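*Asks:* Let me begin by handing over the structure; questions about it come next.
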Amino acid sequence: MIKPFNLSKKQTELLTLPAKIIGSLLLVFIIVRFLEYFAYNANYADGGLLNYFYGIKHDLLFACKNALFLTPLFILFYFFRKAALIVLHILMGLLGISTWLLSEYYLVSLVPLDHSILIYPLSEMLHIATSSVEISIWQVIKGIVVASASFAIPWIALWRLGLKARIGFAAIAIAIVPLVIPKSFTPNIIQFEQNENFYQQINKSAFFVSQIKSHFKQSVSYNDYDIEAIAKEYQGFFKEEEYLSPKYPFMRRNTHEDVIGSYFEFKEERPNFVFIIVESMSREVSGPDAKRGSFTPFLDSLAEHSLYWSNFLTTSERTFNVLPSSLASLPYGARGFTQLAKGDKPYPQFNSITNLLENSGYKNHFFYGGWAFFDYMSVFLNDAGVKLALTVNTFSDKYDRIQENKDGFSWGYPDHALFQMAHERLDTIHWQPRFDIYLTLSMHEPFFPPDQSNWEKRVDKHIQPLGLDEQEKDFYERRKVRFATVLYTDNSIKEFYNEYKKRPEYNNTIFFIFGDHYVVLGGSSAIDKYHVPFLIHSPLLKESKVFPAVSSSADIAPTIANMMSNNFNLETPRWVHWLGSPLDTSSNFQSERLIPFMRVNRNIDELLWQNHFISRGRLYRADEKLRITKVDNDSIKQDLERKLELFNILNEYVCKQNTILAPNIKTR
């Protein structure tokens with residue numbers, strides 16, 4: 001029998017290198033994949049096994065991609081076998097470990113790491129990492145297993161395993177597949193109705209690499225467009241509005257419409273305002289028809305004596321945009337508005353409700369138990385006329401910080417300490433009227449409520465009447481500390497409110513209480529992360545009412561400005577740059593707002609418009625409880641995608657060219 005090839009031992013070994021690389025990496029990826037599956041099920045929810053099996057295909061394709069990427073080392077191998085094998089061994093081991101680290105990031109955030117790593121300054125990245133990650137013994141064991149597998153499996157394959165030439169040819173043929181279908185190693189999210197399924201199937205390293213590459217590709221800038229034409233097209237969507245000029249795309253005539261003033265019995269003195277912005281307070285765990293049942297008994301009881309919006313949305317996936325949105329109804333910039341001012345670079349000119357009130361004699365204060373410079377919050381607040389009244393560095397020694405994680409990190413002070421210390425600080429502030437802003441902290445990873453065991457027992461008591469089956473009980477058991485923290489924070493707000501009632505200014509104070517984004521529980525829809533409770537409460541209210549119409553945090557500043565203009569002659573501009581409008585007080589469900597959302601990676605690729613929600617290329621229809629269902633309608637999808645495209649262009653333009661606010665705009 002004649003052999004088709006007469007290869008030397010070295011040539012055969014070279015030919016079979018792709019098979020060894022593909023097989024080794026695939027086996028390591030599978031180990032990481034199923035460690036992630038078991039950890040996910042232990043902490044969040046049962047299910048998802050099929051997603052992890054389907055994902056092996058993407059692991060295989062990514063392993064093939066790496067085999068092709070490492071091809072230059074094959075040439076080195078031919079001349080320097082030992083050196084080439086050492087380099088291959090190290091690179092393959094590091095890839096296995098990095099894939100596991102990215103998997104661990106997903107288990108903490110339930111979102112895979114992408115180009116967002118390039119967005120934060122190093123100091124903030126370290127702040128986030130040390131605050132959110134607590135090394136457990138189980139993670140150490142997993143790390144040892146993955147590190148051992150990442151180096152042991154390639155060692156066996158590269159240094160000890162002998163393969164026949166035909167296997168090498170087969171592996172080369174398989175490795176060529178990614179060249180034919182180059183994007184196949186990461187699926188398209190459009191194919192998935194739920195983000196969770198997509199996140200579980202992808203290879204986290206492949207996804208991370210693809211997102212970094214996409215980030216550095218030359219994106220289309222507003223300079224590539226006729227801004228005047230783009231602005232006119234965008235403004236044409238709002239036919240009832242009168243716009244100032246295409247040069248200032250968001251500036252429109254102020255209607256001065258007061259939608260909430262009639263609900264109040266005002267005194268002669270101007271009212272005080274209190275904002276309580278609650279970290280991670282989601283409608284999933286608060287309010288009527290909460291998806292997970294309500295764990296905010298005090299806020300629920302307060303809502304019964306308040307104006308309450310059951311379908312209220314924030315404009316960002318995390319805290320970074322809640323202050324610019326609620327205080328000034330601002331566009332988002334490239335990385336969030338607060339990050340537009342760095343070093344000596346000032347913010348673009350803007351109006352805020354706090355600036356307008358300050359000009360009218362108000363004093364504005366910010367109370368926070370953490371590091372106020374995070375995401376440049378303190379810089380923005382200074383520009384908005386708000387004084388830092390309480391931050392992590394100004395607490396007295398009698399208050400204990402949030403429990404440190406195993407790395408010795410603590411976010412700052414727990415919510416009850418924030419509110420107690422705030423009352424002490426208020427005793428030294430005798431100015432009336434005031435605008436006080438509170439931002440809570442306890443409902444943040446890694447979730448350490450004071451007296452944790454007590455609050456966990458309250459969770460058990462709280463869910464008893466729900467009549468849960470064993471699987472449902474297991475859901476709450478795995479997340480018990482998160483639900484315990486919700487109960488704790490709700491109780492802290494209750495104690496603050498009850499103490500505030502004793503203050504002389506209480507009878508002329510209006511409270512705005514709302515969440516900044518959702519709490520990570522698993523199984524959330526794409527819009528759930530923005531759906532938060534929102535209520536306005538005051539002893540000045542004449543009646544309570546629930547509004548099912550959709551509003552957003554961008555609607556708060558216009559609402560307050562118009563109420564104060566109509567009832568207390570607050571000087572407000574004739575033309576405003578507000579992205580939002582006064583709160584929708586319709587008694588029926590409706591969604592009349594165009595609301596773009598910025599995700600944690602600072603992409604603006606989600607938008608709500610007239611009952612339809614688009615998320616990363618997928619179109620959904622929202623019902624009266626903001627539950628979304630994927631639909632196929634190319635006409636509506638293209639319309640929303642165009643609106644999203646125009647907003648992105650104008651958002652970049654106005655922030656970079658300082659054209660948010662036109663100069664010399666007169667007041668009413």
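To be explicit about the labels: the chains of the structure tokens are called A, B, and onward in the order shown, and within each one the residues are counted from 1, while ligands get numbers from 1 in the order they are shown.
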If we count only C-alpha atoms, what is near range 516-530 of chain A at a cut-off of 9 Å, once residues fewer than 4 positions away on the same chain are taken out, given as a PyMOL selection string?
*Replies:* chain A and resi 44-45+109-110+194-196+277-285+312-322+443-444+479+482+553+597+606+613+615+626-628
*Asks:* Could you save those same residues with N, CA, C and O atoms as a short mmCIF file (atom, residue, chain, number, x, y, z; two decimals), in the first residue's frame?
*Replies:*
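What landed in result15.cif:
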```cif
data_model
loop_
_atom_site.label_atom_id
_atom_site.label_comp_id
_atom_site.auth_asym_id
_atom_site.auth_seq_id
_atom_site.Cartn_x
_atom_site.Cartn_y
_atom_site.Cartn_z
N TYR A 44 -28.64 32.10 41.46
CA TYR A 44 -29.72 32.85 40.83
C TYR A 44 -30.94 31.97 40.52
O TYR A 44 -31.98 32.12 41.13
N ALA A 45 -30.83 31.08 39.56
CA ALA A 45 -32.05 30.37 39.16
C ALA A 45 -31.69 29.05 38.51
O ALA A 45 -30.62 28.86 37.96
N SER A 109 -22.24 40.51 37.84
CA SER A 109 -23.03 41.60 37.25
C SER A 109 -24.20 41.12 36.42
O SER A 109 -25.11 41.91 36.10
N LEU A 110 -24.20 39.84 36.04
CA LEU A 110 -25.18 39.25 35.12
C LEU A 110 -25.16 39.95 33.75
O LEU A 110 -26.12 39.87 32.99
N GLN A 194 -34.55 36.99 25.03
CA GLN A 194 -34.07 37.37 26.35
C GLN A 194 -32.55 37.49 26.34
O GLN A 194 -31.84 36.63 25.80
N ASN A 195 -32.05 38.55 26.97
CA ASN A 195 -30.61 38.75 27.05
C ASN A 195 -29.92 37.59 27.76
O ASN A 195 -28.80 37.22 27.44
N GLU A 196 -30.60 37.05 28.76
CA GLU A 196 -30.01 36.01 29.60
C GLU A 196 -29.57 34.81 28.76
O GLU A 196 -28.48 34.27 28.98
N ILE A 277 -33.25 59.45 46.45
CA ILE A 277 -32.94 58.58 45.32
C ILE A 277 -32.40 57.29 45.90
O ILE A 277 -31.36 57.27 46.58
N VAL A 278 -33.11 56.19 45.66
CA VAL A 278 -32.81 54.93 46.34
C VAL A 278 -32.01 54.02 45.42
O VAL A 278 -32.48 53.62 44.35
N GLU A 279 -30.80 53.71 45.84
CA GLU A 279 -29.93 52.82 45.08
C GLU A 279 -30.62 51.48 44.81
O GLU A 279 -31.14 50.83 45.73
N SER A 280 -30.65 51.08 43.54
CA SER A 280 -31.13 49.75 43.10
C SER A 280 -32.57 49.44 43.53
O SER A 280 -32.91 48.27 43.71
N MET A 281 -33.40 50.46 43.67
CA MET A 281 -34.80 50.22 44.05
C MET A 281 -35.62 50.05 42.78
O MET A 281 -35.87 51.01 42.05
N SER A 282 -36.03 48.83 42.54
CA SER A 282 -36.70 48.46 41.29
C SER A 282 -38.17 48.17 41.53
O SER A 282 -38.57 47.76 42.63
N ARG A 283 -38.96 48.35 40.49
CA ARG A 283 -40.38 47.95 40.57
C ARG A 283 -40.53 46.44 40.65
O ARG A 283 -41.61 45.93 40.97
N GLU A 284 -39.46 45.70 40.40
CA GLU A 284 -39.52 44.25 40.58
C GLU A 284 -39.76 43.89 42.03
O GLU A 284 -40.31 42.82 42.32
N VAL A 285 -39.34 44.76 42.96
CA VAL A 285 -39.43 44.45 44.39
C VAL A 285 -40.19 45.51 45.17
O VAL A 285 -40.18 45.50 46.40
N PHE A 312 -42.90 54.17 35.81
CA PHE A 312 -41.89 55.21 35.77
C PHE A 312 -40.54 54.59 35.40
O PHE A 312 -40.21 53.49 35.85
N LEU A 313 -39.76 55.31 34.59
CA LEU A 313 -38.50 54.77 34.08
C LEU A 313 -37.34 55.73 34.34
O LEU A 313 -37.49 56.94 34.21
N THR A 314 -36.20 55.17 34.71
CA THR A 314 -34.98 55.95 34.72
C THR A 314 -34.37 55.90 33.33
O THR A 314 -34.80 55.12 32.48
N THR A 315 -33.37 56.70 33.08
CA THR A 315 -32.82 56.80 31.73
C THR A 315 -31.48 56.10 31.58
O THR A 315 -30.87 56.18 30.51
N SER A 316 -31.01 55.40 32.61
CA SER A 316 -29.74 54.69 32.50
C SER A 316 -29.78 53.41 33.32
O SER A 316 -30.58 53.27 34.25
N GLU A 317 -28.88 52.52 32.98
CA GLU A 317 -28.84 51.20 33.58
C GLU A 317 -28.18 51.20 34.96
O GLU A 317 -28.34 50.26 35.74
N ARG A 318 -27.43 52.26 35.24
CA ARG A 318 -26.77 52.40 36.53
C ARG A 318 -26.94 53.82 37.06
O ARG A 318 -27.56 54.66 36.41
N THR A 319 -26.32 54.13 38.19
CA THR A 319 -26.55 55.39 38.90
C THR A 319 -26.02 56.60 38.15
O THR A 319 -26.47 57.72 38.39
N PHE A 320 -25.07 56.41 37.23
CA PHE A 320 -24.31 57.54 36.68
C PHE A 320 -25.16 58.64 36.06
O PHE A 320 -24.72 59.78 35.95
N ASN A 321 -26.37 58.35 35.62
CA ASN A 321 -27.16 59.37 34.92
C ASN A 321 -28.33 59.90 35.73
O ASN A 321 -29.05 60.78 35.27
N VAL A 322 -28.53 59.40 36.94
CA VAL A 322 -29.75 59.76 37.66
C VAL A 322 -29.76 61.24 38.06
O VAL A 322 -30.81 61.89 38.03
N MET A 443 -28.15 49.35 49.19
CA MET A 443 -28.60 48.35 48.22
C MET A 443 -27.64 48.27 47.04
O MET A 443 -28.00 48.40 45.88
N HIS A 444 -26.40 48.05 47.35
CA HIS A 444 -25.33 47.96 46.36
C HIS A 444 -24.53 46.70 46.67
O HIS A 444 -24.39 46.31 47.83
N ARG A 479 -31.29 34.49 47.07
CA ARG A 479 -31.08 35.93 47.00
C ARG A 479 -31.48 36.61 48.31
O ARG A 479 -31.79 37.79 48.33
N ARG A 482 -30.15 40.02 49.35
CA ARG A 482 -30.61 41.15 48.54
C ARG A 482 -32.00 41.60 48.98
O ARG A 482 -32.24 42.79 49.14
N SER A 553 -37.39 59.85 34.52
CA SER A 553 -36.64 60.76 35.38
C SER A 553 -36.35 62.09 34.69
O SER A 553 -36.18 63.12 35.36
N PHE A 597 -32.30 55.25 26.29
CA PHE A 597 -31.66 54.73 27.50
C PHE A 597 -30.18 54.51 27.25
O PHE A 597 -29.79 54.03 26.18
N GLU A 606 -31.09 51.50 23.23
CA GLU A 606 -32.43 51.10 23.66
C GLU A 606 -33.29 52.35 23.74
O GLU A 606 -32.83 53.41 24.17
N PHE A 613 -40.66 49.24 22.32
CA PHE A 613 -39.34 49.32 22.94
C PHE A 613 -38.36 48.58 22.05
O PHE A 613 -38.59 47.43 21.68
N SER A 615 -34.45 47.25 21.67
CA SER A 615 -33.29 46.93 22.49
C SER A 615 -32.28 46.17 21.64
O SER A 615 -32.52 45.03 21.25
N LEU A 626 -45.72 47.45 31.58
CA LEU A 626 -44.38 47.48 31.01
C LEU A 626 -43.76 46.10 30.91
O LEU A 626 -42.54 45.92 31.02
N ARG A 627 -44.59 45.09 30.67
CA ARG A 627 -44.09 43.78 30.29
C ARG A 627 -43.90 43.80 28.78
O ARG A 627 -44.75 44.32 28.05
N ILE A 628 -42.81 43.27 28.29
CA ILE A 628 -42.51 43.38 26.87
C ILE A 628 -42.56 42.03 26.18
O ILE A 628 -42.20 41.00 26.76
#
```
*Asks:* Using only C-alpha atoms, can you tell me which of A:Phe547, A:Asp383, A:Phe367, A:Val576 comes closest to Tyr243 in chain A?
*Replies:*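 Of A:Phe547, A:Asp383, A:Phe367, A:Val576, the one nearest Tyr243 in chain A, counting only C-alpha atoms, is A:Val576.
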*Asks:* Taking 3 positions as the minimum chain separation for residues in the same chain, which residues sit within 8 Å of Asn651 in chain A when counting only C-alpha atoms? Answer as a JSON list (two decimals) with N, CA and C atoms, in the first residue's frame.
*Replies:*
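Once everything was written out, this is selection.json:
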```json
[["chain", "number", "residue", "atom", "x", "y", "z"],
["A", 331, "PRO", "N", -29.12, 65.68, 28.01],
["A", 331, "PRO", "CA", -28.62, 64.58, 27.16],
["A", 331, "PRO", "C", -27.48, 63.88, 27.88],
["A", 332, "TYR", "N", -26.98, 62.79, 27.29],
["A", 332, "TYR", "CA", -26.14, 61.87, 28.04],
["A", 332, "TYR", "C", -24.64, 62.01, 27.76],
["A", 333, "GLY", "N", -24.27, 62.68, 26.66],
["A", 333, "GLY", "CA", -22.87, 62.71, 26.30],
["A", 333, "GLY", "C", -22.42, 61.33, 25.85],
["A", 334, "ALA", "N", -21.13, 61.18, 25.60],
["A", 334, "ALA", "CA", -20.60, 59.91, 25.10],
["A", 334, "ALA", "C", -20.49, 58.86, 26.20],
["A", 647, "PHE", "N", -31.03, 60.61, 17.60],
["A", 647, "PHE", "CA", -30.73, 61.06, 18.96],
["A", 647, "PHE", "C", -29.25, 60.90, 19.26],
["A", 648, "ASN", "N", -28.66, 59.78, 18.87],
["A", 648, "ASN", "CA", -27.24, 59.56, 19.13],
["A", 648, "ASN", "C", -26.37, 60.63, 18.48],
["A", 654, "VAL", "N", -24.48, 68.16, 20.55],
["A", 654, "VAL", "CA", -24.76, 69.24, 21.50],
["A", 654, "VAL", "C", -23.79, 69.23, 22.67],
["A", 655, "CYS", "N", -23.31, 68.03, 23.07],
["A", 655, "CYS", "CA", -22.40, 67.96, 24.21],
["A", 655, "CYS", "C", -20.99, 68.41, 23.83]]
```
